[in-house]
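Enquirer: Attaching a single structure in structure tokens format; questions to follow.
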Amino acid sequence: MELKKQIIKNALISVSNKKNIITFTKQLLKKKIKIFTTKNTKNFLKNNNIITNNISKITEYPEILNGKIKTLHPKIFGGILGNRGNDDLKYIKKYNITIIDLVVVNFYPFNTSEKNINIKKNIDIGGPALVRAAAKNYKNTIILVDVLDYDKILLEINNTKGVSIETRLKLAKKAFEYTSNYDYLIFKYFNKKIYNKKNINSKLPNKIYIKYYKKQNLKYGENPNQKAALYVKENKNDKFINSFEQLNGKKLSYNNFYDSHIAYECVNQFSNPSCVIIKHGNPCGASSSNDLVSAYLNAYNSDSISAFGGIIGFNKIITEKLIIKIIKKQFVELIIGPKITKEALNYIKTNNKIKLIICKNYNNNYSKIEFKNVNHYLLVQEKNLQNDQFKNWEVVTKKKPTELEIQYSLFCWKIAKFVKSNAIVYSNKFNIISIGSGQTNRVESVKIANLKYKNNKKKLKLKNQDIIMASDAFFPFRDSIDECIKNNHNISCIIQPGGSIRDKEVIKAADEYNICMIFTKNRIFKH
Ligand SMILES: NC(=O)c1ncn([C@@H]2O[C@H](COP(=O)(O)O)[C@@H](O)[C@H]2O)c1NC=O
């Protein structure tokens with residue numbers, strides 16, 4: 001329902017951020033709108049040769065308490081909240097209230113990234129009150145909180161001599177969003193102060209407030225019939241989000257986004273040129289080498305069938321030579337890396353089927369907690385951030401690993417961390433050669449890993465190369481180890497968390513076969 005357009009006679013301007021206010025005020029004055037301003041806004045405009053009325057002309061009261069009370073007065077709020085056409089009129093007349101048709105306000109900045117926030121100075125009281133009052137009475141009072149809306153409103157006034165009810169409603173919605181965001185920042189500040197003081201484990205607080213903003217719609221969810229979108233925390237300085245750029249290919253799907261992050265997180269564990277190929281959230285191939293081309297080829301050879309349509313992560317600059325190699329070898333869904341050469345980018349751009357993401361500022365420590373929702377509940381846990389270092393591990397067998405075997409075991413373990421449970425991973429040097437993933441019992445995962453290993457052994461011409469075996473949780477029995485030896489798998493070292501009641505039996509098996517065994521003492525389940 002379109003209300004009769006009201007002519008704007010009086011406006012109140014009280015802005016901390018003075019951007020664009022000069023031009024806007026000039027335009028309002030041209031329309032013969034009477035303008036009332038708070039002290040600094042008035043002085044700022046005056047210094048720019050724009051004369052406005054001091055708010056005290058309405059309140060007949062000076063600003064007091066060093067500006068803590070400027071506009072908090074019945075004559076101001078009466079003018080904003082009063083309805084023009086009903087019982088309120090009698091009060092308006094009785095108390096000689098100036099009707100205010102337009103309120104332009106933005107608040108004192110409350111920047112939580114600043115170390116020393118001055119609560120007295122930084123928490124705006126009168127501003128939010130003005131904004132809420134005007135937004136509540138949006139049918140009568142227009143509320144402007146966004147500098148970017150000044151021009152739009154002027155255009156609407158010029159074209160239609162008023163501001164439509166639809167626009168007023170949108171502005172009111174924006175105003176309440178503005179006040180709630182502002183209060184949320186202040187709340188967070190107080191919340192942090194309390195937690196830090198009491199030294200409570202603030203990672204898992206008693207209450208969780210989640211505020212994420214839609215960054216982009218995704219092509220679809222896990223399946224094409226599911227709508228999906230990407231949300232981010234609003235942090236304009238977030239280096240990761242700012243540097244996460246899609247440079248080629250069609251819109252990302254939910255699975256693309258998920259897999260590419262896993263690929264990138266996994267490959268960024270390594271400092272040597274490395275490649276990880278992900279399918280359905282699981283690594284299917286990985287390698288660290290002297291250069292990315294050989295790392296890619298080794299990773300591809302880990303499981304060339306699964307690599308089809310895979311998400312490939314690199315930790316070094318992507319070159320044209322590498323792209324040519326990949327395209328020659330396989331159909332690839334997405335490539336993610338920290339940088340790409342100009343030539344490689346031009347080359348990849350000739351094929352819009354390949355999605356390319358470049359992410360310069362990778363930070364694994366950004367979020368220390370993880371969420372999963374199950375119907376009515378939100379499951380929250382700390383990220384499984386472990387210190388994967390040999391000094392924290394224990395060699396439990398008679399045979400001790402060589403320096404190289406320790407390095408190889410670390411590589412194999414780091415990949416196993418990303419494999420869905422139950423995970424069994426075989427590697428040769430810094431190359432993954434077989435993965436058994438996501439089975440409901442460990443023996444099945446071992447069997448799958450063994451089968452893939454058997455196939456790869458011929459293909460990769462592995463003869464008596466020493467193999468590392470990683471398991472994401474302890475072996476409940478010695479049978480898995482017997483099974484490997486029976487199949488002549490040349491295992492030189494097994495890395496696993498340990499902790500089974502039959503550890504002794506398992507260690508005995510390893511000793512019998514003259515294999516080294518490392519206990520990491522940390523389980524790496526991934527559901
Ligand atoms: N206390 C008040 O009555 C009051 N009324 C408006 N303000 C704020 O004062 C600022 C503008 O004041 P000035 O024009 O003096 O810079 C605005 O950010 C506005 O949100 C107030 N200041 C703080 O609470």
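In the structure tokens, the first chain shown is A, the next is B, and so on; residue numbers restart at 1 for each chain, and ligands run from 1 in the order shown.
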Let me see if you get this right: every residue at most 6 Å from ligand 1, counting only C-alpha atoms and all ligand atoms, written as a PyMOL selection string.
Expert: chain A and resi 14-16+38-41+68-72+105-108+124-127
Enquirer: Using only C-alpha atoms, determine which residues lie at most 12 Å from A:Lys457, disregarding the query and same-chain residues fewer than 5 positions distant; provide the list as a short mmCIF file (atom, residue, chain, number, x, y, z; two decimals) with N, CA and C atoms, in the first residue's frame.
Expert:
data_model
loop_
_atom_site.label_atom_id
_atom_site.label_comp_id
_atom_site.auth_asym_id
_atom_site.auth_seq_id
_atom_site.Cartn_x
_atom_site.Cartn_y
_atom_site.Cartn_z
N ASN A 301 50.13 -41.28 -10.31
CA ASN A 301 50.38 -42.73 -10.37
C ASN A 301 49.98 -43.48 -9.11
N SER A 302 49.75 -42.73 -8.02
CA SER A 302 49.29 -43.40 -6.78
C SER A 302 48.01 -44.16 -7.07
N ASP A 303 47.13 -43.50 -7.84
CA ASP A 303 45.85 -44.14 -8.16
C ASP A 303 45.25 -43.37 -9.35
N TYR A 426 49.83 -46.68 2.39
CA TYR A 426 51.17 -47.20 2.08
C TYR A 426 51.91 -46.14 1.27
N SER A 427 53.17 -45.98 1.62
CA SER A 427 53.97 -45.05 0.81
C SER A 427 55.34 -45.64 0.54
N ASN A 428 55.92 -45.14 -0.54
CA ASN A 428 57.29 -45.49 -0.87
C ASN A 428 58.04 -44.17 -0.98
N ILE A 432 52.79 -41.62 -2.20
CA ILE A 432 51.75 -42.53 -1.73
C ILE A 432 51.54 -43.58 -2.82
N ILE A 433 51.44 -44.84 -2.41
CA ILE A 433 51.22 -45.85 -3.45
C ILE A 433 49.91 -46.59 -3.28
N SER A 434 49.29 -46.45 -2.14
CA SER A 434 48.03 -47.16 -1.95
C SER A 434 47.30 -46.65 -0.71
N ALA A 449 43.77 -51.54 0.75
CA ALA A 449 45.12 -50.97 0.55
C ALA A 449 46.05 -52.02 -0.05
N ASN A 450 45.93 -53.26 0.43
CA ASN A 450 46.78 -54.33 -0.09
C ASN A 450 46.51 -54.60 -1.57
N LEU A 451 45.23 -54.59 -1.91
CA LEU A 451 44.85 -54.85 -3.29
C LEU A 451 45.40 -53.77 -4.23
N LYS A 452 45.21 -52.51 -3.80
CA LYS A 452 45.71 -51.40 -4.64
C LYS A 452 47.23 -51.45 -4.71
N LEU A 462 57.64 -51.52 -8.54
CA LEU A 462 58.21 -51.56 -7.19
C LEU A 462 58.69 -52.98 -6.95
N LYS A 463 59.96 -53.15 -6.65
CA LYS A 463 60.43 -54.51 -6.41
C LYS A 463 60.60 -54.73 -4.92
N ASN A 464 61.79 -54.46 -4.42
CA ASN A 464 61.96 -54.68 -2.98
C ASN A 464 62.06 -53.36 -2.23
N GLN A 465 61.39 -52.36 -2.82
CA GLN A 465 61.47 -51.08 -2.14
C GLN A 465 60.82 -51.14 -0.78
N ASP A 466 61.40 -50.41 0.13
CA ASP A 466 60.83 -50.39 1.48
C ASP A 466 59.57 -49.55 1.52
N ILE A 467 58.59 -50.12 2.15
CA ILE A 467 57.28 -49.49 2.19
C ILE A 467 56.97 -49.05 3.61
N ASN A 487 51.53 -61.29 2.05
CA ASN A 487 51.44 -60.80 0.67
C ASN A 487 52.76 -60.22 0.17
N ASN A 488 53.80 -60.42 0.96
CA ASN A 488 55.13 -60.01 0.53
C ASN A 488 55.20 -58.51 0.22
N HIS A 489 54.77 -57.73 1.18
CA HIS A 489 54.66 -56.30 0.93
C HIS A 489 55.88 -55.45 1.27
N ASN A 490 56.96 -56.03 1.63
CA ASN A 490 58.21 -55.29 1.87
C ASN A 490 58.03 -54.09 2.79
#
Enquirer: Taking only C-alpha atoms into account, which of A:Leu378, A:Ile415, A:Ala509, A:Met517 comes nearest A:Ile210?
Expert: A:Leu378
Enquirer: So, counting only C-alpha atoms, which residue among A:Asn217, A:Asn351, A:Lys521, A:Ser480 is closest to A:Glu505?
Expert: A:Ser480
Enquirer: From the options A:Phe270, A:Phe257, A:Phe77, A:Tyr347, which residue's atoms come nearest to A:Asn315, counting only C-alpha atoms?
Expert: A:Phe270
Enquirer: Give me, as a list of chain:residue names, all polymer residues having an atom no more than 7 Å from stretch 390-406 of chain A, counting only C-alpha atoms and skipping those fewer than 6 positions away in the same chain.
Expert: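 Near neighbours after the sequence-gap exclusion: A:Ile507, A:Ala510, A:Asp511, A:Asn514, A:Ile515, A:Cys516, A:Met517, A:Ile518, A:Phe519, A:Thr520, A:Lys521.
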Enquirer: Got a sec: who's within 8 Å of A:Ala344, counting only C-alpha atoms, leaving out chain neighbours fewer than 4 positions off, as an MDAnalysis selection string?
Expert: chainID A and resid 318:321 323 340 348
Enquirer: Check stretch 71-303 of chain A with DSSP on the backbone and list each residue it calls strand (DSSP E), as JSON, numbers by chain.
Expert: {"A": [102, 103, 104, 105, 106, 142, 143, 144, 213, 214, 215, 216, 217, 218, 228, 229, 230, 231, 232, 244, 245, 246, 247, 248, 274, 275, 276, 277, 278, 279, 282, 283, 284, 285, 286, 287, 288]}
